[in-house]
Number of protein chains: 2
Amino acid sequence: MGEAKRLSGKPVADQLTEENQKRAWEMRQQGIVPTLAILRVGEDTGDLAYERGAMKRAEKTGVEVRQVTFPESVTQAELLRAIEQLNQDEKVDGVLLLRPLPHHVDEKYICEQLDPAKDVDGITSGSMAGVFMDTGRGFPPCTAQACMEMLDYYGEDLTGKKVTVMGRSLVIGKPVAMMAMKRNATVTVLHSRTRREDFAKAGQEADVVIAAMGRAKMVGPGQLGHDQIILDVGINEDEDGGLCGDVDYEAVWPGAAMITPVPGGVGSVTTAVLMKHVLQAAGRRMG
Amino acid sequence: MGEAKRLSGKPVADQLTEENQKRAWEMRQQGIVPTLAILRVGEDTGDLAYERGAMKRAEKTGVEVRQVTFPESVTQAELLRAIEQLNQDEKVDGVLLLRPLPHHVDEKYICEQLDPAKDVDGITSGSMAGVFMDTGRGFPPCTAQACMEMLDYYGEDLTGKKVTVMGRSLVIGKPVAMMAMKRNATVTVLHSRTRREDFAKAGQEADVVIAAMGRAKMVGPGQLGHDQIILDVGINEDEDGGLCGDVDYEAVWPGAAMITPVPGGVGSVTTAVLMKHVLQAAGRRMG
């Protein structure tokens, strides 16, 4: 398999990080230390891995990280107090709240208490309204933004293109559909209730496919056309316990123009986007 | 032309009004007078006509209307004060702000100051986030909701249907796309930057078309298929100074399964929806 059409996330993340470093350095010259707080409850393996990745990226970028951790038994009141403190803390520019939270707390309510100005991963309704209405408030979810960074890096202008989004979640499907629409794409959103034949057809006819259903290898050659750009946002476990995307990469590869691998694709850009958002938040706060 | 496939707005508005009357009566039994404030600046003919329509509908429904009017020369500070007062006024359940506002005031900013709980026509980001995230906060724009009421009345379940939305405005296109998606439709959004052939194809292949481009008779048989349900949201002036929709009704009629006329279609349902929202707002305030 050639490498020409493998849309790797690494160079995208590297370029973003280079820009971020410059920005962080400029801020530090002005006496400002861009700072991300990571709020974690419990010791979930996925959370810990993402936190490690974010910390590594932050260090490389020149962004300070403050870890705020609670045991699984944390109360809702304790979490709310922590978020209130982070909202008010002048030194904190962005807050990453690792989710899902334990079942005994009201996750939706807790997310809403975060100041949208510090909501660097798009979990508040303020951020969502920002994506929907283009208000410039808050931030889109990092993974949705990572898709746009991918397209930018690989020189894909969406104007007039047909973009098919597979999935309608609040974390990716809906915001990425809005972001593609803002870039003048003609967008179709597919989901679990889409008729099978419509799903296949919309997948086949797209110029760009964004797969975000969260189901391992559910998108095969039957749901895709030729010479398409395929962004696979899924991160799932395959039958051997390894990572795989929503797209059946091996089967789809021969027909695709360009495709992101999993791992090593969109997912590897998210922490660089997170840093970009922290720096933007710091920049907005500076005025 | 037969009447069987003419999707008239009148029976939809009548049924809604009957339900609204019942609700208003129940509230009045409990000592609550559901109240809508209409805030108007200047004497625009369209505004005055809509205000008259809303007042008539309110009277029929049992909703109190309070008219708040300002001359064209109103200052931003005066408008902000008026909105602040309406936000705080315990007796006001909903506020309709007629737009556009004069150029010398910041319309976006002013809209944002309205309490989403009283935002019965979906102009705040709180309402938009409600539509996008399904938070149950605020209200969708009345015209977008009127499309859904039409489909409900005429027994059209959107699950698995292909809905093509023509237009991506914040007032109709985007929210109605979200609302159709919530009803499990497979949604495609077309707009001014969509390729001509894609526009035609997506129009032809849809089960339901919602035309909301705001351009007189721009949708003809070439952009539509057969046996479709066509909701025409456009209200434009035709060459003779009369009203017409975005769809070329006469030309499209023979092929359509069902189509809304202009006037007399979706537009005639909006004030009934407005009353429904006022009553919902009053209901939420009652707890």
# chains A, B, ... in the order shown; residues from 1 in each chain; ligands from 1
$ closest_atom_pairs --of "region 180-249 of chain A" --to "region 175-196 of chain B" --cutoff "8 Å" --atoms "only C-alpha atoms" --output "Markdown table"
| residue | atom | partner | partner_atom | distance |
| --- | --- | --- | --- | --- |
| A:Asn184 | CA | B:Arg193 | CA | 5.9 |
| A:Ala185 | CA | B:Thr194 | CA | 7.0 |
| A:Thr186 | CA | B:Thr194 | CA | 5.7 |
| A:Val187 | CA | B:Thr188 | CA | 5.6 |
| A:Thr188 | CA | B:Thr188 | CA | 4.1 |
| A:Val189 | CA | B:Val187 | CA | 5.7 |
| A:Leu190 | CA | B:Thr186 | CA | 5.7 |
| A:His191 | CA | B:Thr186 | CA | 7.3 |
| A:Arg193 | CA | B:Asn184 | CA | 5.9 |
| A:Thr194 | CA | B:Thr186 | CA | 5.7 |
$ select_by_dssp --residues "region 93-211 of chain B" --states "helix (DSSP H, G or I)" --output "ChimeraX atom specification"
/B:107-112,116-118,125-133,142-153,173-182,196-205
$ write_last_selection --atoms "C-alpha atoms" --output "compact mmCIF listing (two decimals), in the first residue's frame"
# COMPACT_ATOMS: atom_id res chain seq x y z
CA GLU B 107 -29.26 43.86 16.62
CA LYS B 108 -27.25 40.77 17.50
CA TYR B 109 -26.24 42.20 20.85
CA ILE B 110 -29.74 43.35 21.66
CA CYS B 111 -31.25 39.96 20.81
CA GLU B 112 -28.77 38.26 23.11
CA PRO B 116 -34.06 32.66 26.62
CA ALA B 117 -36.96 31.60 28.86
CA LYS B 118 -39.01 34.40 27.26
CA SER B 125 -28.16 31.77 21.35
CA GLY B 126 -29.79 30.06 24.34
CA SER B 127 -32.72 29.10 22.11
CA MET B 128 -30.41 28.05 19.30
CA ALA B 129 -28.37 25.86 21.61
CA GLY B 130 -31.71 24.42 22.70
CA VAL B 131 -32.51 23.44 19.12
CA PHE B 132 -29.01 22.15 18.47
CA MET B 133 -28.51 20.24 21.71
CA CYS B 142 -41.76 30.05 15.00
CA THR B 143 -41.45 29.47 11.25
CA ALA B 144 -39.18 26.45 11.71
CA GLN B 145 -41.61 25.04 14.27
CA ALA B 146 -44.50 25.80 11.91
CA CYS B 147 -42.95 23.39 9.38
CA MET B 148 -42.98 20.64 11.99
CA GLU B 149 -46.57 21.42 12.97
CA MET B 150 -47.55 21.14 9.29
CA LEU B 151 -45.95 17.71 9.01
CA ASP B 152 -47.55 16.55 12.25
CA TYR B 153 -50.99 17.72 11.23
CA GLY B 173 -32.62 26.56 7.30
CA LYS B 174 -30.33 25.51 10.10
CA PRO B 175 -32.90 25.08 12.88
CA VAL B 176 -35.37 23.23 10.66
CA ALA B 177 -32.55 20.91 9.55
CA MET B 178 -31.80 20.14 13.20
CA MET B 179 -35.46 19.60 14.00
CA ALA B 180 -35.88 17.21 11.06
CA MET B 181 -32.75 15.36 12.14
CA LYS B 182 -34.17 15.00 15.62
CA ARG B 196 -26.20 23.53 -9.53
CA GLU B 197 -26.34 19.82 -10.40
CA ASP B 198 -26.13 18.78 -6.75
CA PHE B 199 -28.94 21.16 -5.93
CA ALA B 200 -31.19 19.68 -8.59
CA LYS B 201 -30.35 16.11 -7.65
CA ALA B 202 -30.87 16.56 -3.91
CA GLY B 203 -34.15 18.31 -4.64
CA GLN B 204 -35.30 15.55 -6.97
CA GLU B 205 -34.40 12.69 -4.64
$ atom_distance --atom1 "CA of Trp25 (chain A)" --atom2 "CA of Val63 (chain A)"
9.3 Å
$ select_by_dssp --residues "region 14-219 of chain A" --states "strand (DSSP E or B)" --output "PyMOL selection string"
chain A and resi 35-41+64-70+94-97+162-166+186-190+208-211+219
$ write_last_selection --atoms "N, CA and C atoms" --output "mmCIF file, in the first residue's frame"
data_model
loop_
_atom_site.group_PDB
_atom_site.id
_atom_site.type_symbol
_atom_site.label_atom_id
_atom_site.label_comp_id
_atom_site.auth_asym_id
_atom_site.auth_seq_id
_atom_site.Cartn_x
_atom_site.Cartn_y
_atom_site.Cartn_z
ATOM 1 N N THR A 35 -2.396 28.571 30.284
ATOM 2 C CA THR A 35 -2.593 27.466 31.227
ATOM 3 C C THR A 35 -3.888 26.697 30.971
ATOM 4 N N LEU A 36 -3.713 25.382 30.934
ATOM 5 C CA LEU A 36 -4.855 24.472 30.782
ATOM 6 C C LEU A 36 -5.055 23.714 32.083
ATOM 7 N N ALA A 37 -6.279 23.682 32.574
ATOM 8 C CA ALA A 37 -6.590 22.806 33.707
ATOM 9 C C ALA A 37 -7.263 21.548 33.169
ATOM 10 N N ILE A 38 -6.792 20.406 33.625
ATOM 11 C CA ILE A 38 -7.437 19.142 33.246
ATOM 12 C C ILE A 38 -8.127 18.579 34.480
ATOM 13 N N LEU A 39 -9.425 18.437 34.366
ATOM 14 C CA LEU A 39 -10.221 17.962 35.491
ATOM 15 C C LEU A 39 -10.590 16.503 35.223
ATOM 16 N N ARG A 40 -10.096 15.632 36.079
ATOM 17 C CA ARG A 40 -10.359 14.208 35.893
ATOM 18 C C ARG A 40 -10.970 13.606 37.145
ATOM 19 N N VAL A 41 -11.956 12.735 36.951
ATOM 20 C CA VAL A 41 -12.567 11.990 38.047
ATOM 21 C C VAL A 41 -12.250 10.513 37.847
ATOM 22 N N GLU A 64 1.184 25.542 30.197
ATOM 23 C CA GLU A 64 1.208 25.003 31.557
ATOM 24 C C GLU A 64 -0.029 24.119 31.772
ATOM 25 N N VAL A 65 0.141 23.019 32.483
ATOM 26 C CA VAL A 65 -1.029 22.195 32.799
ATOM 27 C C VAL A 65 -1.223 22.125 34.307
ATOM 28 N N ARG A 66 -2.454 22.305 34.726
ATOM 29 C CA ARG A 66 -2.772 22.075 36.126
ATOM 30 C C ARG A 66 -3.712 20.889 36.208
ATOM 31 N N GLN A 67 -3.282 19.843 36.898
ATOM 32 C CA GLN A 67 -4.140 18.662 37.031
ATOM 33 C C GLN A 67 -5.032 18.795 38.254
ATOM 34 N N VAL A 68 -6.301 18.623 38.042
ATOM 35 C CA VAL A 68 -7.254 18.643 39.157
ATOM 36 C C VAL A 68 -7.942 17.280 39.135
ATOM 37 N N THR A 69 -7.706 16.492 40.144
ATOM 38 C CA THR A 69 -8.254 15.135 40.111
ATOM 39 C C THR A 69 -9.099 14.850 41.343
ATOM 40 N N PHE A 70 -10.097 14.015 41.118
ATOM 41 C CA PHE A 70 -10.989 13.615 42.197
ATOM 42 C C PHE A 70 -11.172 12.101 42.156
ATOM 43 N N GLY A 94 -7.995 27.707 29.966
ATOM 44 C CA GLY A 94 -8.905 26.695 29.424
ATOM 45 C C GLY A 94 -9.074 25.547 30.389
ATOM 46 N N VAL A 95 -10.226 24.885 30.290
ATOM 47 C CA VAL A 95 -10.497 23.730 31.156
ATOM 48 C C VAL A 95 -10.921 22.548 30.293
ATOM 49 N N LEU A 96 -10.228 21.429 30.486
ATOM 50 C CA LEU A 96 -10.626 20.184 29.830
ATOM 51 C C LEU A 96 -11.244 19.281 30.886
ATOM 52 N N LEU A 97 -12.501 18.957 30.705
ATOM 53 C CA LEU A 97 -13.191 18.088 31.657
ATOM 54 C C LEU A 97 -13.291 16.699 31.030
ATOM 55 N N LYS A 162 -19.560 17.979 -1.850
ATOM 56 C CA LYS A 162 -20.572 17.216 -1.119
ATOM 57 C C LYS A 162 -19.907 16.504 0.051
ATOM 58 N N VAL A 163 -20.301 16.882 1.236
ATOM 59 C CA VAL A 163 -19.739 16.269 2.441
ATOM 60 C C VAL A 163 -20.821 15.414 3.093
ATOM 61 N N THR A 164 -20.512 14.148 3.291
ATOM 62 C CA THR A 164 -21.448 13.269 3.971
ATOM 63 C C THR A 164 -20.905 12.957 5.351
ATOM 64 N N VAL A 165 -21.670 13.330 6.367
ATOM 65 C CA VAL A 165 -21.287 13.083 7.753
ATOM 66 C C VAL A 165 -22.053 11.865 8.239
ATOM 67 N N MET A 166 -21.338 10.858 8.687
ATOM 68 C CA MET A 166 -21.985 9.652 9.191
ATOM 69 C C MET A 166 -21.988 9.715 10.708
ATOM 70 N N THR A 186 -21.943 21.280 0.736
ATOM 71 C CA THR A 186 -23.315 20.781 0.743
ATOM 72 C C THR A 186 -23.304 19.533 1.615
ATOM 73 N N VAL A 187 -23.978 19.622 2.751
ATOM 74 C CA VAL A 187 -23.803 18.605 3.784
ATOM 75 C C VAL A 187 -25.020 17.703 3.933
ATOM 76 N N THR A 188 -24.763 16.405 4.009
ATOM 77 C CA THR A 188 -25.799 15.431 4.339
ATOM 78 C C THR A 188 -25.374 14.697 5.608
ATOM 79 N N VAL A 189 -26.301 14.560 6.548
ATOM 80 C CA VAL A 189 -25.989 13.859 7.794
ATOM 81 C C VAL A 189 -26.738 12.525 7.838
ATOM 82 N N LEU A 190 -25.993 11.462 7.966
ATOM 83 C CA LEU A 190 -26.572 10.122 8.061
ATOM 84 C C LEU A 190 -26.502 9.647 9.508
ATOM 85 N N VAL A 208 -16.379 14.149 0.169
ATOM 86 C CA VAL A 208 -15.679 13.969 1.441
ATOM 87 C C VAL A 208 -16.612 13.226 2.393
ATOM 88 N N VAL A 209 -16.098 12.197 3.029
ATOM 89 C CA VAL A 209 -16.881 11.435 4.004
ATOM 90 C C VAL A 209 -16.251 11.618 5.380
ATOM 91 N N ILE A 210 -17.074 11.951 6.357
ATOM 92 C CA ILE A 210 -16.598 12.024 7.738
ATOM 93 C C ILE A 210 -17.343 10.951 8.524
ATOM 94 N N ALA A 211 -16.613 9.910 8.903
ATOM 95 C CA ALA A 211 -17.238 8.763 9.567
ATOM 96 C C ALA A 211 -17.137 8.927 11.067
ATOM 97 N N VAL A 219 -18.240 0.983 8.113
ATOM 98 C CA VAL A 219 -18.265 1.574 6.781
ATOM 99 C C VAL A 219 -17.288 0.841 5.876
#
$ closest_atom_pairs --of "region 34-130 of chain B" --to "region 251-269 of chain B" --cutoff "12 Å" --atoms "only C-alpha atoms" --output "CSV"
residue,atom,partner,partner_atom,distance
B:Tyr50,CA,B:Gly267,CA,10.3
B:Gly53,CA,B:Ser268,CA,9.3
B:Ala54,CA,B:Ser268,CA,10.5
B:Arg57,CA,B:Val269,CA,10.3
$ atom_distance --atom1 "CA of Asn236 (chain A)" --atom2 "CA of Gly214 (chain A)"
6.8 Å
$ atom_distance --atom1 "CA of Ala206 (chain A)" --atom2 "CA of Leu170 (chain B)"
24.9 Å
